[in-house]
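Structure file structure.cif; described as mmCIF, C-alpha atoms and all ligand atoms; chains and numbers go by the auth columns.
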data_start
#
loop_
_atom_site.group_PDB
_atom_site.id
_atom_site.type_symbol
_atom_site.label_atom_id
_atom_site.label_comp_id
_atom_site.label_asym_id
_atom_site.label_seq_id
_atom_site.Cartn_x
_atom_site.Cartn_y
_atom_site.Cartn_z
_atom_site.B_iso_or_equiv
_atom_site.auth_seq_id
_atom_site.auth_asym_id
ATOM 1 C CA MET A 1 -17.549 -20.896 4.265 0.00 1 A
ATOM 2 C CA THR A 2 -14.303 -22.147 2.752 0.00 2 A
ATOM 3 C CA LYS A 3 -10.827 -22.474 4.143 0.00 3 A
ATOM 4 C CA TYR A 4 -8.064 -20.528 2.415 0.00 4 A
ATOM 5 C CA THR A 5 -4.396 -20.594 3.302 0.00 5 A
ATOM 6 C CA LEU A 6 -2.895 -17.254 2.397 0.00 6 A
ATOM 7 C CA ASP A 7 0.667 -15.918 2.384 0.00 7 A
ATOM 8 C CA ILE A 8 0.284 -12.698 4.382 0.00 8 A
ATOM 9 C CA ASN A 9 3.428 -10.664 5.037 0.00 9 A
ATOM 10 C CA GLY A 10 5.540 -13.797 4.769 0.00 10 A
ATOM 11 C CA ALA A 11 3.442 -15.884 7.152 0.00 11 A
ATOM 12 C CA SER A 12 1.015 -18.634 6.271 0.00 12 A
ATOM 13 C CA ARG A 13 -2.473 -17.753 7.559 0.00 13 A
ATOM 14 C CA THR A 14 -5.559 -19.942 7.237 0.00 14 A
ATOM 15 C CA VAL A 15 -8.962 -18.280 7.210 0.00 15 A
ATOM 16 C CA ASP A 16 -12.465 -19.694 6.934 0.00 16 A
ATOM 17 C CA VAL A 17 -14.604 -17.227 5.011 0.00 17 A
ATOM 18 C CA ALA A 18 -17.084 -17.012 2.135 0.00 18 A
ATOM 19 C CA PRO A 19 -15.329 -17.159 -1.268 0.00 19 A
ATOM 20 C CA ASP A 20 -16.566 -13.738 -2.327 0.00 20 A
ATOM 21 C CA THR A 21 -15.274 -12.022 0.818 0.00 21 A
ATOM 22 C CA PRO A 22 -13.070 -9.102 -0.228 0.00 22 A
ATOM 23 C CA LEU A 23 -9.447 -9.534 0.778 0.00 23 A
ATOM 24 C CA LEU A 24 -9.796 -6.201 2.602 0.00 24 A
ATOM 25 C CA TRP A 25 -12.288 -7.686 5.077 0.00 25 A
ATOM 26 C CA VAL A 26 -10.158 -10.787 5.562 0.00 26 A
ATOM 27 C CA LEU A 27 -7.206 -8.567 6.421 0.00 27 A
ATOM 28 C CA ARG A 28 -9.095 -6.177 8.669 0.00 28 A
ATOM 29 C CA ASP A 29 -11.802 -8.304 10.285 0.00 29 A
ATOM 30 C CA THR A 30 -10.352 -11.810 10.314 0.00 30 A
ATOM 31 C CA LEU A 31 -6.641 -11.117 10.696 0.00 31 A
ATOM 32 C CA ASP A 32 -6.832 -7.776 12.521 0.00 32 A
ATOM 33 C CA LEU A 33 -4.457 -6.097 10.066 0.00 33 A
ATOM 34 C CA VAL A 34 -6.216 -2.750 10.174 0.00 34 A
ATOM 35 C CA GLY A 35 -3.523 -0.642 8.520 0.00 35 A
ATOM 36 C CA THR A 36 -5.246 -1.254 5.183 0.00 36 A
ATOM 37 C CA LYS A 37 -8.193 1.121 4.986 0.00 37 A
ATOM 38 C CA PHE A 38 -11.741 0.893 3.658 0.00 38 A
ATOM 39 C CA ALA A 39 -12.937 4.034 1.916 0.00 39 A
ATOM 40 C CA CYS A 40 -14.896 3.815 -1.349 0.00 40 A
ATOM 41 C CA GLY A 41 -15.192 0.029 -1.409 0.00 41 A
ATOM 42 C CA VAL A 42 -15.516 -0.008 -5.194 0.00 42 A
ATOM 43 C CA GLY A 43 -11.947 0.178 -6.436 0.00 43 A
ATOM 44 C CA GLN A 44 -11.918 3.921 -7.043 0.00 44 A
ATOM 45 C CA CYS A 45 -9.746 5.509 -4.351 0.00 45 A
ATOM 46 C CA GLY A 46 -6.710 3.332 -3.577 0.00 46 A
ATOM 47 C CA SER A 47 -7.015 3.492 0.221 0.00 47 A
ATOM 48 C CA CYS A 48 -7.145 -0.301 0.416 0.00 48 A
ATOM 49 C CA THR A 49 -4.026 -0.898 -1.701 0.00 49 A
ATOM 50 C CA VAL A 50 -1.902 -3.942 -0.857 0.00 50 A
ATOM 51 C CA HIS A 51 0.652 -5.805 -2.943 0.00 51 A
ATOM 52 C CA LEU A 52 -0.074 -9.156 -4.589 0.00 52 A
ATOM 53 C CA ASP A 53 3.277 -10.625 -5.614 0.00 53 A
ATOM 54 C CA GLY A 54 4.651 -7.082 -5.430 0.00 54 A
ATOM 55 C CA VAL A 55 1.999 -5.544 -7.663 0.00 55 A
ATOM 56 C CA PRO A 56 -0.425 -2.972 -6.205 0.00 56 A
ATOM 57 C CA ALA A 57 -3.952 -4.338 -5.880 0.00 57 A
ATOM 58 C CA ARG A 58 -7.229 -2.987 -4.524 0.00 58 A
ATOM 59 C CA SER A 59 -8.110 -5.318 -1.705 0.00 59 A
ATOM 60 C CA CYS A 60 -11.724 -4.072 -1.566 0.00 60 A
ATOM 61 C CA THR A 61 -12.433 -5.556 -4.979 0.00 61 A
ATOM 62 C CA THR A 62 -10.228 -8.651 -4.694 0.00 62 A
ATOM 63 C CA PRO A 63 -12.298 -11.692 -3.634 0.00 63 A
ATOM 64 C CA VAL A 64 -10.298 -13.889 -1.285 0.00 64 A
ATOM 65 C CA SER A 65 -10.955 -16.851 -3.590 0.00 65 A
ATOM 66 C CA THR A 66 -8.799 -15.229 -6.316 0.00 66 A
ATOM 67 C CA VAL A 67 -5.692 -14.698 -4.182 0.00 67 A
ATOM 68 C CA GLY A 68 -4.384 -18.268 -4.252 0.00 68 A
ATOM 69 C CA ARG A 69 -0.679 -18.515 -3.390 0.00 69 A
ATOM 70 C CA LYS A 70 0.136 -14.935 -4.340 0.00 70 A
ATOM 71 C CA ARG A 71 2.209 -13.158 -1.692 0.00 71 A
ATOM 72 C CA VAL A 72 0.041 -10.567 0.047 0.00 72 A
ATOM 73 C CA THR A 73 1.940 -7.618 1.515 0.00 73 A
ATOM 74 C CA THR A 74 0.157 -5.038 3.640 0.00 74 A
ATOM 75 C CA ILE A 75 1.476 -1.840 5.179 0.00 75 A
ATOM 76 C CA GLU A 76 2.280 -3.885 8.303 0.00 76 A
ATOM 77 C CA GLY A 77 4.575 -6.109 6.242 0.00 77 A
ATOM 78 C CA LEU A 78 6.251 -3.479 4.088 0.00 78 A
ATOM 79 C CA ASP A 79 9.240 -3.285 6.416 0.00 79 A
ATOM 80 C CA ALA A 80 9.844 -5.327 9.562 0.00 80 A
ATOM 81 C CA LYS A 81 10.991 -2.246 11.477 0.00 81 A
ATOM 82 C CA THR A 82 8.605 0.246 9.892 0.00 82 A
ATOM 83 C CA SER A 83 11.652 1.929 8.435 0.00 83 A
ATOM 84 C CA HIS A 84 11.113 1.600 4.701 0.00 84 A
ATOM 85 C CA PRO A 85 12.558 4.772 3.091 0.00 85 A
ATOM 86 C CA LEU A 86 9.025 5.890 2.291 0.00 86 A
ATOM 87 C CA GLN A 87 7.962 5.499 5.921 0.00 87 A
ATOM 88 C CA GLN A 88 11.011 7.463 7.046 0.00 88 A
ATOM 89 C CA ALA A 89 10.366 10.151 4.454 0.00 89 A
ATOM 90 C CA TRP A 90 6.673 10.372 5.380 0.00 90 A
ATOM 91 C CA GLN A 91 7.634 11.007 8.992 0.00 91 A
ATOM 92 C CA GLU A 92 10.417 13.453 8.221 0.00 92 A
ATOM 93 C CA LEU A 93 8.245 15.518 5.874 0.00 93 A
ATOM 94 C CA ASP A 94 5.007 15.125 7.869 0.00 94 A
ATOM 95 C CA VAL A 95 3.241 13.964 4.732 0.00 95 A
ATOM 96 C CA PRO A 96 -0.119 12.851 6.210 0.00 96 A
ATOM 97 C CA GLN A 97 -2.902 15.173 7.248 0.00 97 A
ATOM 98 C CA CYS A 98 -5.758 12.992 8.583 0.00 98 A
ATOM 99 C CA GLY A 99 -3.701 9.978 7.496 0.00 99 A
ATOM 100 C CA TYR A 100 -6.585 7.837 6.291 0.00 100 A
ATOM 101 C CA CYS A 101 -5.388 7.401 2.711 0.00 101 A
ATOM 102 C CA GLN A 102 -1.709 7.171 3.522 0.00 102 A
ATOM 103 C CA SER A 103 -1.112 3.443 3.861 0.00 103 A
ATOM 104 C CA GLY A 104 -2.544 3.042 0.377 0.00 104 A
ATOM 105 C CA GLN A 105 -0.398 5.909 -0.871 0.00 105 A
ATOM 106 C CA ILE A 106 2.747 4.338 0.594 0.00 106 A
ATOM 107 C CA MET A 107 1.962 0.880 -0.802 0.00 107 A
ATOM 108 C CA THR A 108 1.466 2.294 -4.295 0.00 108 A
ATOM 109 C CA ALA A 109 4.616 4.401 -3.991 0.00 109 A
ATOM 110 C CA ALA A 110 6.604 1.392 -2.743 0.00 110 A
ATOM 111 C CA ALA A 111 5.636 -0.613 -5.807 0.00 111 A
ATOM 112 C CA LEU A 112 6.627 2.344 -8.004 0.00 112 A
ATOM 113 C CA LEU A 113 10.079 2.643 -6.405 0.00 113 A
ATOM 114 C CA LYS A 114 10.686 -1.068 -6.762 0.00 114 A
ATOM 115 C CA GLU A 115 10.105 -0.779 -10.512 0.00 115 A
ATOM 116 C CA ASN A 116 11.623 2.660 -10.926 0.00 116 A
ATOM 117 C CA PRO A 117 14.043 3.664 -8.142 0.00 117 A
ATOM 118 C CA ASN A 118 14.275 7.323 -9.182 0.00 118 A
ATOM 119 C CA PRO A 119 11.016 8.414 -10.827 0.00 119 A
ATOM 120 C CA SER A 120 10.427 11.833 -12.358 0.00 120 A
ATOM 121 C CA ASP A 121 7.554 14.058 -11.242 0.00 121 A
ATOM 122 C CA GLU A 122 5.570 12.891 -14.254 0.00 122 A
ATOM 123 C CA GLU A 123 6.221 9.234 -13.496 0.00 123 A
ATOM 124 C CA ILE A 124 5.161 9.759 -9.882 0.00 124 A
ATOM 125 C CA GLU A 125 1.977 11.514 -10.975 0.00 125 A
ATOM 126 C CA ALA A 126 1.134 8.706 -13.395 0.00 126 A
ATOM 127 C CA ALA A 127 1.787 5.962 -10.848 0.00 127 A
ATOM 128 C CA MET A 128 -0.065 7.698 -8.014 0.00 128 A
ATOM 129 C CA ALA A 129 -3.025 9.000 -10.040 0.00 129 A
ATOM 130 C CA GLY A 130 -5.397 6.332 -8.752 0.00 130 A
ATOM 131 C CA ASN A 131 -4.750 7.080 -5.076 0.00 131 A
ATOM 132 C CA LEU A 132 -7.046 9.831 -3.879 0.00 132 A
ATOM 133 C CA CYS A 133 -6.476 12.044 -0.844 0.00 133 A
ATOM 134 C CA ARG A 134 -9.410 14.060 0.452 0.00 134 A
ATOM 135 C CA CYS A 135 -6.979 16.218 2.431 0.00 135 A
ATOM 136 C CA GLY A 136 -5.096 17.153 -0.738 0.00 136 A
ATOM 137 C CA THR A 137 -1.623 16.077 0.398 0.00 137 A
ATOM 138 C CA TYR A 138 -0.502 15.389 -3.171 0.00 138 A
ATOM 139 C CA THR A 139 2.366 17.887 -3.121 0.00 139 A
ATOM 140 C CA ARG A 140 3.782 16.394 0.077 0.00 140 A
ATOM 141 C CA ILE A 141 3.305 12.854 -1.241 0.00 141 A
ATOM 142 C CA LYS A 142 5.396 13.723 -4.289 0.00 142 A
ATOM 143 C CA ALA A 143 8.041 15.390 -2.114 0.00 143 A
ATOM 144 C CA GLY A 144 7.978 12.343 0.168 0.00 144 A
ATOM 145 C CA ILE A 145 8.659 9.987 -2.712 0.00 145 A
ATOM 146 C CA HIS A 146 11.602 12.099 -3.866 0.00 146 A
ATOM 147 C CA HIS A 147 12.879 12.232 -0.292 0.00 147 A
ATOM 148 C CA ALA A 148 12.598 8.437 0.006 0.00 148 A
ATOM 149 C CA VAL A 149 14.707 8.134 -3.144 0.00 149 A
ATOM 150 C CA ALA A 150 17.345 10.354 -1.548 0.00 150 A
ATOM 151 C CA LEU A 151 17.246 8.343 1.688 0.00 151 A
ATOM 152 C CA ALA A 152 17.615 5.076 -0.228 0.00 152 A
ATOM 153 C CA THR A 153 20.532 6.368 -2.317 0.00 153 A
ATOM 154 C CA PRO A 154 22.288 8.964 -0.112 0.00 154 A
ATOM 155 C CA ALA A 155 25.470 8.980 -2.196 0.00 155 A
ATOM 156 C CA LYS A 156 23.608 9.962 -5.320 0.00 156 A
ATOM 157 C CA GLY A 157 20.863 12.048 -3.784 0.00 157 A
ATOM 158 C CA ARG A 158 17.829 12.971 -5.800 0.00 158 A
ATOM 159 C CA LYS A 159 18.023 13.928 -9.399 0.00 159 A
HETATM 160 S S1 LIG B . -11.510 1.293 -0.652 0.00 201 B
HETATM 161 FE FE1 LIG B . -10.632 0.076 -2.199 0.00 201 B
HETATM 162 S S2 LIG B . -10.261 1.444 -3.843 0.00 201 B
HETATM 163 FE FE2 LIG B . -11.341 2.641 -2.364 0.00 201 B
HETATM 164 S S1 LIG B . -4.352 12.520 4.444 0.00 202 B
HETATM 165 FE FE1 LIG B . -6.484 12.680 4.769 0.00 202 B
HETATM 166 S S2 LIG B . -7.345 11.589 3.068 0.00 202 B
HETATM 167 FE FE2 LIG B . -5.231 11.689 2.637 0.00 202 B
#
Same coordinates, now as structure tokens:
Amino acid sequence: MTKYTLDINGASRTVDVAPDTPLLWVLRDTLDLVGTKFACGVGQCGSCTVHLDGVPARSCTTPVSTVGRKRVTTIEGLDAKTSHPLQQAWQELDVPQCGYCQSGQIMTAAALLKENPNPSDEEIEAAMAGNLCRCGTYTRIKAGIHHAVALATPAKGRK
């Protein structure tokens, strides 16, 4: 076991785990941040997506020993009041079905909107292509992202 001090959602957290422990298990099992979901476990579905220094990362294939001082943001830390425009849009449009994939979807979408505040359909599809949804909510996810853009820029609305 090795001690690691991680920056998780703006707080310094020290954990004592094996170096090859996936960040996902540190978040879920050690820190009880269970909003990040385990699905495929092999980097193929996006359910476990978190941000490392603002960039989407698959926490199931990220050994804790590689995180270092990078800022880790989980769905719990995306917005202090759970009112990020994407979270508002997801609620207003009832985007989730079973909901299992949705924290990963929102984290990937949040990184997209930070880079590109008003993406086209094609840009959304490209950015979200790695996040799978067994319930097939892709149409609502795309509508949710456009709605979040409108909520974030009400004067301009969506393009
Ligand atoms: S659980 Fe990490 S990519 Fe599927
Ligand atoms: S909402 Fe069920 S897997 Fe996406």
Centre and edge lengths, as lines of an AutoDock Vina configuration file, for the axis-aligned box enclosing every listed atom of range 118-126 of chain A with 6 Å of padding on each of the six sides, in Å to one decimal?
center_x = 7.7
center_y = 10.7
center_z = -11.7
size_x = 25.1
size_y = 18.7
size_z = 17.1
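Take CA of Ile141 in chain A and CA of Thr73 in chain A: the distance between them is 20.7 Å.
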Residues matched by the PyMOL selection byres (((not hetatm)) within 6 of (chain B and resi 201)) as a ChimeraX atom specification: /A:38-48,58-60
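Of the listed residues (A:Glu115, A:Asp94, A:Asp7, A:Asp20), A:Asp20 comes nearest to Ser65 in chain A; the distances count all atoms listed in the file.
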Residue contacts of range 100-111 of chain A (10 Å, all atoms listed in the file) excluding same-chain residues fewer than 5 positions away, as a PyMOL selection string: chain A and resi 35-39+45-51+54-58+73-76+78+84-87+90+95+116-117+124+127-135+137-138+141-142+144-145+148
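Minimum atom-to-atom distance to ligand LIG 202 (chain B), evaluated using all atoms listed in the file, belongs to A:Cys98 out of A:Leu27, A:Leu6, A:Ala11, A:Cys98.
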Distance criterion (only C-alpha atoms): nearest to Ser12 in chain A out of A:Lys81, A:Lys114, A:Lys70, A:His146: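 So, comparing all the options, the nearest one is A:Lys70.
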Atomic separation - CA of Arg28 in chain A relative to CA of Thr66 in chain A, Å: 17.5 Å
